[in-house]
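Data file: final.cif. Format and content: mmCIF, C-alpha atoms, pLDDT in the B column; chains and numbers go by the auth columns.
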data_structure
#
loop_
_atom_site.group_PDB
_atom_site.id
_atom_site.type_symbol
_atom_site.label_atom_id
_atom_site.label_comp_id
_atom_site.label_asym_id
_atom_site.label_seq_id
_atom_site.Cartn_x
_atom_site.Cartn_y
_atom_site.Cartn_z
_atom_site.B_iso_or_equiv
_atom_site.auth_seq_id
_atom_site.auth_asym_id
ATOM 1 C CA MET A 1 -17.919 13.874 -10.437 49.00 12 A
ATOM 2 C CA THR A 2 -19.249 13.953 -13.970 50.00 13 A
ATOM 3 C CA SER A 3 -19.346 11.075 -16.422 65.00 14 A
ATOM 4 C CA GLY A 4 -16.017 10.434 -18.084 83.00 15 A
ATOM 5 C CA GLN A 5 -13.907 11.845 -15.264 94.00 16 A
ATOM 6 C CA PRO A 6 -11.774 9.373 -13.344 97.00 17 A
ATOM 7 C CA ILE A 7 -12.555 8.490 -9.740 97.00 18 A
ATOM 8 C CA ARG A 8 -10.077 10.455 -7.623 98.00 19 A
ATOM 9 C CA VAL A 9 -8.394 8.262 -4.991 98.00 20 A
ATOM 10 C CA LEU A 10 -6.429 9.289 -1.914 98.00 21 A
ATOM 11 C CA VAL A 11 -4.259 6.521 -0.453 98.00 22 A
ATOM 12 C CA VAL A 12 -3.959 6.811 3.351 97.00 23 A
ATOM 13 C CA GLU A 13 -1.271 4.347 4.446 96.00 24 A
ATOM 14 C CA ASP A 14 1.600 4.798 6.900 95.00 25 A
ATOM 15 C CA ASP A 15 3.864 2.178 5.310 95.00 26 A
ATOM 16 C CA PRO A 16 5.652 3.905 2.391 96.00 27 A
ATOM 17 C CA VAL A 17 6.125 0.675 0.407 96.00 28 A
ATOM 18 C CA ALA A 18 2.454 -0.290 0.755 95.00 29 A
ATOM 19 C CA ALA A 19 1.360 3.287 -0.072 97.00 30 A
ATOM 20 C CA ASP A 20 3.455 3.274 -3.251 97.00 31 A
ATOM 21 C CA ALA A 21 2.048 -0.136 -4.216 96.00 32 A
ATOM 22 C CA HIS A 22 -1.522 1.110 -3.752 97.00 33 A
ATOM 23 C CA VAL A 23 -0.832 4.227 -5.837 98.00 34 A
ATOM 24 C CA LEU A 24 0.688 2.110 -8.626 97.00 35 A
ATOM 25 C CA TYR A 25 -2.269 -0.269 -8.573 97.00 36 A
ATOM 26 C CA VAL A 26 -4.819 2.554 -8.685 97.00 37 A
ATOM 27 C CA GLY A 27 -2.960 3.993 -11.678 96.00 38 A
ATOM 28 C CA ARG A 28 -3.424 0.712 -13.548 97.00 39 A
ATOM 29 C CA VAL A 29 -7.189 0.547 -13.060 97.00 40 A
ATOM 30 C CA PRO A 30 -9.113 2.248 -15.872 97.00 41 A
ATOM 31 C CA GLY A 31 -11.357 5.026 -14.606 97.00 42 A
ATOM 32 C CA PHE A 32 -9.351 5.676 -11.419 98.00 43 A
ATOM 33 C CA THR A 33 -6.535 8.099 -10.656 98.00 44 A
ATOM 34 C CA ALA A 34 -4.476 8.501 -7.492 98.00 45 A
ATOM 35 C CA VAL A 35 -4.504 12.160 -6.458 98.00 46 A
ATOM 36 C CA GLY A 36 -2.119 11.661 -3.573 97.00 47 A
ATOM 37 C CA LYS A 37 -1.015 9.657 -0.602 97.00 48 A
ATOM 38 C CA ALA A 38 -0.979 10.469 3.076 98.00 49 A
ATOM 39 C CA HIS A 39 1.002 8.675 5.762 98.00 50 A
ATOM 40 C CA SER A 40 -1.040 9.874 8.753 98.00 51 A
ATOM 41 C CA GLY A 41 -4.525 10.994 9.652 97.00 52 A
ATOM 42 C CA ALA A 42 -3.400 14.621 9.991 97.00 53 A
ATOM 43 C CA GLU A 43 -1.823 14.552 6.539 98.00 54 A
ATOM 44 C CA ALA A 44 -4.990 13.001 5.078 97.00 55 A
ATOM 45 C CA ARG A 45 -7.179 15.748 6.609 96.00 56 A
ATOM 46 C CA ARG A 46 -4.908 18.474 5.178 96.00 57 A
ATOM 47 C CA MET A 47 -4.996 16.891 1.719 96.00 58 A
ATOM 48 C CA LEU A 48 -8.779 16.481 1.794 95.00 59 A
ATOM 49 C CA ASP A 49 -9.197 20.152 2.658 93.00 60 A
ATOM 50 C CA ARG A 50 -7.437 21.174 -0.568 95.00 61 A
ATOM 51 C CA THR A 51 -7.907 18.253 -2.989 95.00 62 A
ATOM 52 C CA PRO A 52 -11.217 16.852 -4.295 95.00 63 A
ATOM 53 C CA VAL A 53 -11.355 13.115 -3.531 97.00 64 A
ATOM 54 C CA ASP A 54 -14.013 10.531 -4.400 97.00 65 A
ATOM 55 C CA LEU A 55 -12.500 7.491 -2.680 96.00 66 A
ATOM 56 C CA LEU A 56 -10.148 6.817 0.236 96.00 67 A
ATOM 57 C CA LEU A 57 -8.064 3.658 0.425 96.00 68 A
ATOM 58 C CA LEU A 58 -7.722 3.804 4.203 95.00 69 A
ATOM 59 C CA ASP A 59 -5.332 1.881 6.418 93.00 70 A
ATOM 60 C CA LEU A 60 -6.815 1.413 9.885 89.00 71 A
ATOM 61 C CA HIS A 61 -3.525 1.428 11.784 90.00 72 A
ATOM 62 C CA LEU A 62 -2.117 4.934 11.307 95.00 73 A
ATOM 63 C CA PRO A 63 0.560 6.434 13.576 96.00 74 A
ATOM 64 C CA ASP A 64 -1.591 9.284 14.919 97.00 75 A
ATOM 65 C CA VAL A 65 -5.186 8.012 14.767 96.00 76 A
ATOM 66 C CA HIS A 66 -7.106 4.814 14.164 91.00 77 A
ATOM 67 C CA GLY A 67 -8.542 4.755 10.642 91.00 78 A
ATOM 68 C CA LEU A 68 -12.118 4.362 11.910 89.00 79 A
ATOM 69 C CA GLN A 69 -11.719 7.456 14.084 93.00 80 A
ATOM 70 C CA LEU A 70 -10.379 9.316 11.053 94.00 81 A
ATOM 71 C CA ALA A 71 -13.433 8.211 9.048 91.00 82 A
ATOM 72 C CA ARG A 72 -15.733 9.489 11.839 90.00 83 A
ATOM 73 C CA THR A 73 -13.895 12.826 11.936 93.00 84 A
ATOM 74 C CA LEU A 74 -14.042 13.210 8.162 92.00 85 A
ATOM 75 C CA ARG A 75 -17.781 12.462 8.033 89.00 86 A
ATOM 76 C CA ALA A 76 -18.427 14.973 10.831 92.00 87 A
ATOM 77 C CA ALA A 77 -16.429 17.599 8.876 92.00 88 A
ATOM 78 C CA GLY A 78 -18.580 17.055 5.797 92.00 89 A
ATOM 79 C CA HIS A 79 -16.253 14.919 3.687 91.00 90 A
ATOM 80 C CA HIS A 80 -18.313 12.377 1.752 89.00 91 A
ATOM 81 C CA ALA A 81 -15.680 10.355 -0.089 93.00 92 A
ATOM 82 C CA ASP A 82 -16.326 6.626 -0.183 93.00 93 A
ATOM 83 C CA VAL A 83 -13.972 4.531 1.929 91.00 94 A
ATOM 84 C CA ILE A 84 -12.333 1.195 1.337 90.00 95 A
ATOM 85 C CA ALA A 85 -10.584 0.051 4.505 86.00 96 A
ATOM 86 C CA VAL A 86 -7.355 -1.720 3.631 84.00 97 A
ATOM 87 C CA THR A 87 -6.264 -3.672 6.675 73.00 98 A
ATOM 88 C CA SER A 88 -5.155 -7.010 7.991 68.00 99 A
ATOM 89 C CA ALA A 89 -7.562 -6.620 10.935 60.00 100 A
ATOM 90 C CA ARG A 90 -9.927 -9.559 11.335 61.00 101 A
ATOM 91 C CA ASP A 91 -11.818 -8.293 14.389 62.00 102 A
ATOM 92 C CA LEU A 92 -15.531 -8.643 13.578 55.00 103 A
ATOM 93 C CA ALA A 93 -16.484 -5.649 15.754 63.00 104 A
ATOM 94 C CA MET A 94 -13.988 -3.466 13.883 58.00 105 A
ATOM 95 C CA VAL A 95 -15.320 -4.634 10.518 58.00 106 A
ATOM 96 C CA ARG A 96 -18.902 -3.898 11.617 60.00 107 A
ATOM 97 C CA GLU A 97 -17.926 -0.435 12.836 60.00 108 A
ATOM 98 C CA GLY A 98 -16.210 0.271 9.519 55.00 109 A
ATOM 99 C CA VAL A 99 -19.322 -0.708 7.618 55.00 110 A
ATOM 100 C CA SER A 100 -21.478 1.486 9.870 57.00 111 A
ATOM 101 C CA LEU A 101 -19.213 4.439 9.014 55.00 112 A
ATOM 102 C CA GLY A 102 -19.672 3.884 5.304 54.00 113 A
ATOM 103 C CA SER A 103 -16.628 1.781 4.549 49.00 114 A
ATOM 104 C CA CYS A 104 -17.652 -0.160 1.483 46.00 115 A
ATOM 105 C CA SER A 105 -15.143 -2.936 1.980 46.00 116 A
ATOM 106 C CA THR A 106 -12.410 -4.290 4.182 43.00 117 A
ATOM 107 C CA CYS A 107 -9.524 -6.068 2.493 42.00 118 A
#
Before anything else, please render the file you have as structure tokens.
Amino acid sequence: MTSGQPIRVLVVEDDPVAADAHVLYVGRVPGFTAVGKAHSGAEARRMLDRTPVDLLLLDLHLPDVHGLQLARTLRAAGHHADVIAVTSARDLAMVREGVSLGSCSTC
């Protein structure tokens, strides 16, 4: 990403209402642009293979894979987008694992 270009965000959220809300919010933040939304881990992987992304807003409870497992798989495949885990999970072990995988925040 070069200076002046917006940060490209992929929203990964299985709940359509929440996904739409995240996309709308990202669109309101100067310097950020939503490049898409995925409702499953498989859909997120397909999108990442064809769309440059700088940041994932990642739900941890996806229908086909846990978000932390998706983050592990993406890192192993060479994807280096930053991750913000968006979850209601309050399990300290899960939060620690997310941080160890490069998640910069849990909300």
Using all atoms listed in the file, which residue out of A:Gly78, A:Gly38, A:Gly89, A:Pro17 lies closest to A:Gly52? A:Gly78
Distance atom CA of A:Leu67-atom CA of A:Asp26, one decimal place? 15.6 Å
Using only C-alpha atoms for the distances, tell me which of A:Ala92, A:Ala29, A:Leu79, A:Val34 is nearest to A:Val64.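 Nearest to A:Val64: A:Ala92.
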Expressed in Å to a single decimal, how great is the separation between atom CA of A:Asp70 and atom CA of A:Gly15?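 Atom CA of A:Gly15 lies at a distance of 28.1 Å from atom CA of A:Asp70.
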Point out the residue among A:Arg61, A:Arg39, A:Arg19, A:His72 with the least atom-to-atom distance to A:Val97, counting all atoms listed in the file.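 Comparing A:Arg61, A:Arg39, A:Arg19, A:His72 against A:Val97, the winner is A:His72.
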Using only C-alpha atoms, find the one residue out of A:Ala88, A:Leu71, A:Ala45, A:Leu66 that sits nearest to A:Asp25.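 The shortest atom-to-atom distance to A:Asp25 comes from A:Leu71.
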One decimal, Å: what's the distance from atom CA of A:Ser51 over to atom CA of A:Val23, could you say? 6.9 Å
Considering only C-alpha atoms, can you say which of A:Val28, A:Ile95, A:Leu69, A:Ile18 comes closest to A:Val40?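 Of A:Val28, A:Ile95, A:Leu69, A:Ile18, the one nearest A:Val40 is A:Ile18, counting only C-alpha atoms.
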Write out as a VMD selection string the residues lying within 12 Å of A:Met58, counting all atoms listed in the file and excluding same-chain residues fewer than 4 positions away. chain A and resid 20 to 23 46 to 54 62 to 64 67 85 90
Which of these, A:Gly42, A:Arg57, A:Thr98, A:Arg86, has the shortest distance to A:Leu73 once you count all atoms listed in the file?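 Ranking A:Gly42, A:Arg57, A:Thr98, A:Arg86 by distance to A:Leu73, first place goes to A:Thr98.
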